[in-house]
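Participant: Have a look at this one before I ask anything.
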Amino acid sequence: MKLKTPTMLAVLGLAATLASAQQGVTKDEIRIGTIQDLSGPLAGFGKQARNGMQLRVDELNEQGDVNGRKLRLYVEDSGYDPKKAVLAAQKLVNQEKIFIMAGHIGTAQNMAAMPVQFDKNVVNYMPITAAREMYEPLNRLKYSFAATYYDQIRLALPKMVKDKGAKKVCTIYQDDEFGLEVQRGAEAGLKAVNMELAEKTSFKRGATDFSSQVAKMKAANCDLVVLGTIIRETIGTVGEARKTGFNPTFLGSSAAYTDLIHKLGGKAMDGIYATMTVQNPYTDEQSQPLRFWANKYKTKFNEDPTVFSVYGYVIVDSFIKAAQKAGPNLTTDSFIKAMDSITFEPDMFGSPKSTYTATKRLGNDQSRLSQIKDGKWAVVSDYVAP
């Protein structure tokens with residue numbers, strides 16, 4: 001039998017190491033990927049989420065490490081286009097060799113990108129969308145943090161119908177997975193109070209003119225309108241309604257809960273409601289830790305933080321906690337094992353406590369209501385759980 005030379009043994013050893021190497025994890029680095037909308041209709045959200053993520057990455061790298069490793073954030077732009085999201089995922093997974101996909105924004109975009117990730121055993125971690133598909137059907141590579149659009153509306157609507165004495169509830173929604181989830185939540189919420197939608201109207205993603213949809217709802221005498229809208233669609237719909245003297249109660253989901261609504265929409269936005277899971281971090285009226293955080297963010301990025309900045313920050317913060325718990329030998333399997341017995345306590349941003357298990361991949365299902373009063377979102381209810 002021929003003895004193996006030291007050179008051959010070294011080569012075999014290297015081959016074994018490479019075969020067992022974990023993508024995206026080196027001796028001193030963990031690679032995090034994210035896909036944001038940096039150039040499309042949600043660019044306002046996407047840039048804020050990216051900044052929040054970068055702030056937490058930089059803090060960690062300046063102050064410490066995760067079991068000896070620094071974090072590196074790779075950012076790609078989808079332009080809020082599912083086809084571009086697939087290309088972005090392919091680049092991050094196959095070229096940049098990321099360990100995890102974190103905080104990817106958009107429902108349709110996540111749906112398109114997930115197969116690319118799952119093919120390479122890359123976890124889809126805390127996407128910035130409240131769609132049920134982010135944790136259903138159960139998949140070991142899926143983790144979600146936001147109460148679903150469906151549950152947000154399903155739970156908030158019956159109480160609002162009662163409080164406002166609404167007789168005709170209607171919905172305007174974006175014609176995609178996101179908008180349909182809001183619409184389905186509205187139907188389920190109304191079913192609980194023996195009502196049906198009086199009118200349904202939709203618009204294509206990226207639409208800018210909502211006059212025909214508003215005219216349709218006005219003609220149907222809608223007194224409460226559920227908004228399956230995001231930034232400019234919320235402003236466009238509500239602004240058009242106010243212009244024509246149509247003033248129903250407007251209820252949006254957490255997708256409409258952003259300071260951009262009142263900053264860009266102005267006085268016309270006063271009075272609208274939205275469900276939310278973390279508080280918008282206004283710099284002038286918060287607790288000291290939050291004020292400190294908000295000013296740190298503003299100093300770094302030269303703009304006020306927003307709820308999407310908070311999402312980005314908290315997503316990376318929770319990843320750090322789970323990766324620390326996974327231990328020095330960080331792999332997809334050890335990370336999943338750590339996540340499946342973790343609890344994240346309430347934080348300074350007002351998030352409720354969240355827990356994960358092998359069969360529970362949505363951390364919590366709670367949301368509460370805010371209303372724009374005098375140009376600012378004000379919390380108007382406690383958390384409502386199913």
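Residue names in the structure tokens use chain letters A, B, ... in the order shown, residue numbers from 1 in each chain, and ligand numbers from 1 in the order shown.
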Where does DSSP see helix (DSSP H, G or I) in region 273-317 of chain A, if you list the residues as a list in words?
Facilitator: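 DSSP on the backbone gives helix (DSSP H, G or I) at Gln288, Pro289, Leu290, Arg291, Phe292, Trp293, Ala294, Asn295, Lys296, Tyr297, Lys298, Thr299, Lys300, Phe301, Val307, Phe308, Ser309, Val310, Tyr311, Gly312, Tyr313, Val314, Ile315, Val316 and Asp317 of chain A.
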Participant: Near Asn139 (chain A), counting only C-alpha atoms, which residues have an atom at most 10 Å away, once you skip same-chain residues fewer than 5 positions from it, shown as a short mmCIF file (atom, residue, chain, number, x, y, z; two decimals) with C-alpha atoms, in the first residue's frame?
Facilitator:
```
data_model
loop_
_atom_site.label_atom_id
_atom_site.label_comp_id
_atom_site.auth_asym_id
_atom_site.auth_seq_id
_atom_site.Cartn_x
_atom_site.Cartn_y
_atom_site.Cartn_z
CA PHE A 118 -32.89 28.21 -0.22
CA VAL A 123 -31.65 31.74 5.77
CA ASN A 124 -34.24 34.45 4.92
CA MET A 134 -42.50 35.00 5.22
CA ALA A 358 -38.68 25.02 15.47
CA THR A 359 -42.39 25.28 14.61
CA ARG A 361 -41.23 31.23 12.93
#
```
Participant: List the spatial neighbours of Lys267 (chain A) as number ranges by chain - criterion: any atom at most 9 Å away, only C-alpha atoms, same-chain residues fewer than 4 positions off excluded.
Facilitator: A: 262-263, 374-375
Participant: Can you list every residue of region 249-345 of chain A that has an atom at most 9 Å from region 142-159 of chain A, with its nearest atom pair and the distance in Å to one decimal, using only C-alpha atoms, ordered by chain then number, as a Markdown table?
Facilitator:
```
| residue | atom | partner | partner_atom | distance |
| --- | --- | --- | --- | --- |
| A:Leu251 | CA | A:Leu157 | CA | 8.2 |
| A:Gly252 | CA | A:Ile153 | CA | 8.1 |
| A:Ser253 | CA | A:Tyr149 | CA | 6.2 |
| A:Ser254 | CA | A:Tyr149 | CA | 7.3 |
| A:Ala255 | CA | A:Tyr149 | CA | 8.3 |
| A:Thr275 | CA | A:Gln152 | CA | 6.3 |
| A:Met276 | CA | A:Gln152 | CA | 8.2 |
| A:Thr277 | CA | A:Ala146 | CA | 7.1 |
| A:Ile315 | CA | A:Phe145 | CA | 8.6 |
| A:Met339 | CA | A:Tyr143 | CA | 8.8 |
```
Participant: Next, dump the selected residues to file, keeping only N, CA, C and O atoms, as an mmCIF file, in the first residue's frame.
Facilitator:
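Output contents, as saved in selection_36.cif:
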```
data_model
loop_
_atom_site.group_PDB
_atom_site.id
_atom_site.type_symbol
_atom_site.label_atom_id
_atom_site.label_comp_id
_atom_site.auth_asym_id
_atom_site.auth_seq_id
_atom_site.Cartn_x
_atom_site.Cartn_y
_atom_site.Cartn_z
ATOM 1 N N LEU A 251 -57.930 53.688 7.181
ATOM 2 C CA LEU A 251 -57.131 52.771 7.991
ATOM 3 C C LEU A 251 -56.096 52.073 7.116
ATOM 4 O O LEU A 251 -56.461 51.320 6.204
ATOM 5 N N GLY A 252 -54.825 52.303 7.381
ATOM 6 C CA GLY A 252 -53.746 51.645 6.652
ATOM 7 C C GLY A 252 -53.070 50.586 7.503
ATOM 8 O O GLY A 252 -53.326 50.472 8.711
ATOM 9 N N SER A 253 -52.192 49.823 6.886
ATOM 10 C CA SER A 253 -51.409 48.814 7.608
ATOM 11 C C SER A 253 -50.062 49.427 8.020
ATOM 12 O O SER A 253 -49.802 50.606 7.776
ATOM 13 N N SER A 254 -49.198 48.601 8.589
ATOM 14 C CA SER A 254 -47.876 49.095 8.993
ATOM 15 C C SER A 254 -47.049 49.550 7.796
ATOM 16 O O SER A 254 -46.084 50.291 7.951
ATOM 17 N N ALA A 255 -47.441 49.151 6.578
ATOM 18 C CA ALA A 255 -46.732 49.605 5.375
ATOM 19 C C ALA A 255 -46.932 51.098 5.150
ATOM 20 O O ALA A 255 -46.143 51.750 4.468
ATOM 21 N N THR A 275 -51.921 50.646 11.445
ATOM 22 C CA THR A 275 -51.426 49.680 12.434
ATOM 23 C C THR A 275 -49.906 49.757 12.438
ATOM 24 O O THR A 275 -49.281 50.121 11.448
ATOM 25 N N MET A 276 -49.299 49.416 13.579
ATOM 26 C CA MET A 276 -47.843 49.508 13.680
ATOM 27 C C MET A 276 -47.324 48.551 14.754
ATOM 28 O O MET A 276 -48.077 48.100 15.613
ATOM 29 N N THR A 277 -46.012 48.249 14.676
ATOM 30 C CA THR A 277 -45.407 47.318 15.649
ATOM 31 C C THR A 277 -44.253 47.947 16.414
ATOM 32 O O THR A 277 -43.906 47.467 17.488
ATOM 33 N N ILE A 315 -33.203 44.353 13.313
ATOM 34 C CA ILE A 315 -32.952 43.093 12.602
ATOM 35 C C ILE A 315 -31.496 42.663 12.780
ATOM 36 O O ILE A 315 -31.210 41.502 13.095
ATOM 37 N N MET A 339 -31.655 30.024 17.134
ATOM 38 C CA MET A 339 -32.897 30.781 16.910
ATOM 39 C C MET A 339 -34.120 30.032 17.439
ATOM 40 O O MET A 339 -35.075 30.652 17.918
#
```
Participant: Residues near Thr229 (chain A), anyone? I mean within 8 Å using only C-alpha atoms, not counting same-chain ones fewer than 4 positions away, as a list in words.
Facilitator: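 In the requested form, the answer reads Ile172, Tyr173, Gln174, Gly179, Glu233, Thr234, Gly252, Ser253, Ala255 and Ala256 of chain A.
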Participant: Just want the 12 Å neighbourhood of Leu290 (chain A), counted on only C-alpha atoms, with same-chain residues fewer than 2 positions away dropped. Output as a PyMOL selection string.
Facilitator: chain A and resi 279-288+292-297+305-306+310+347-350
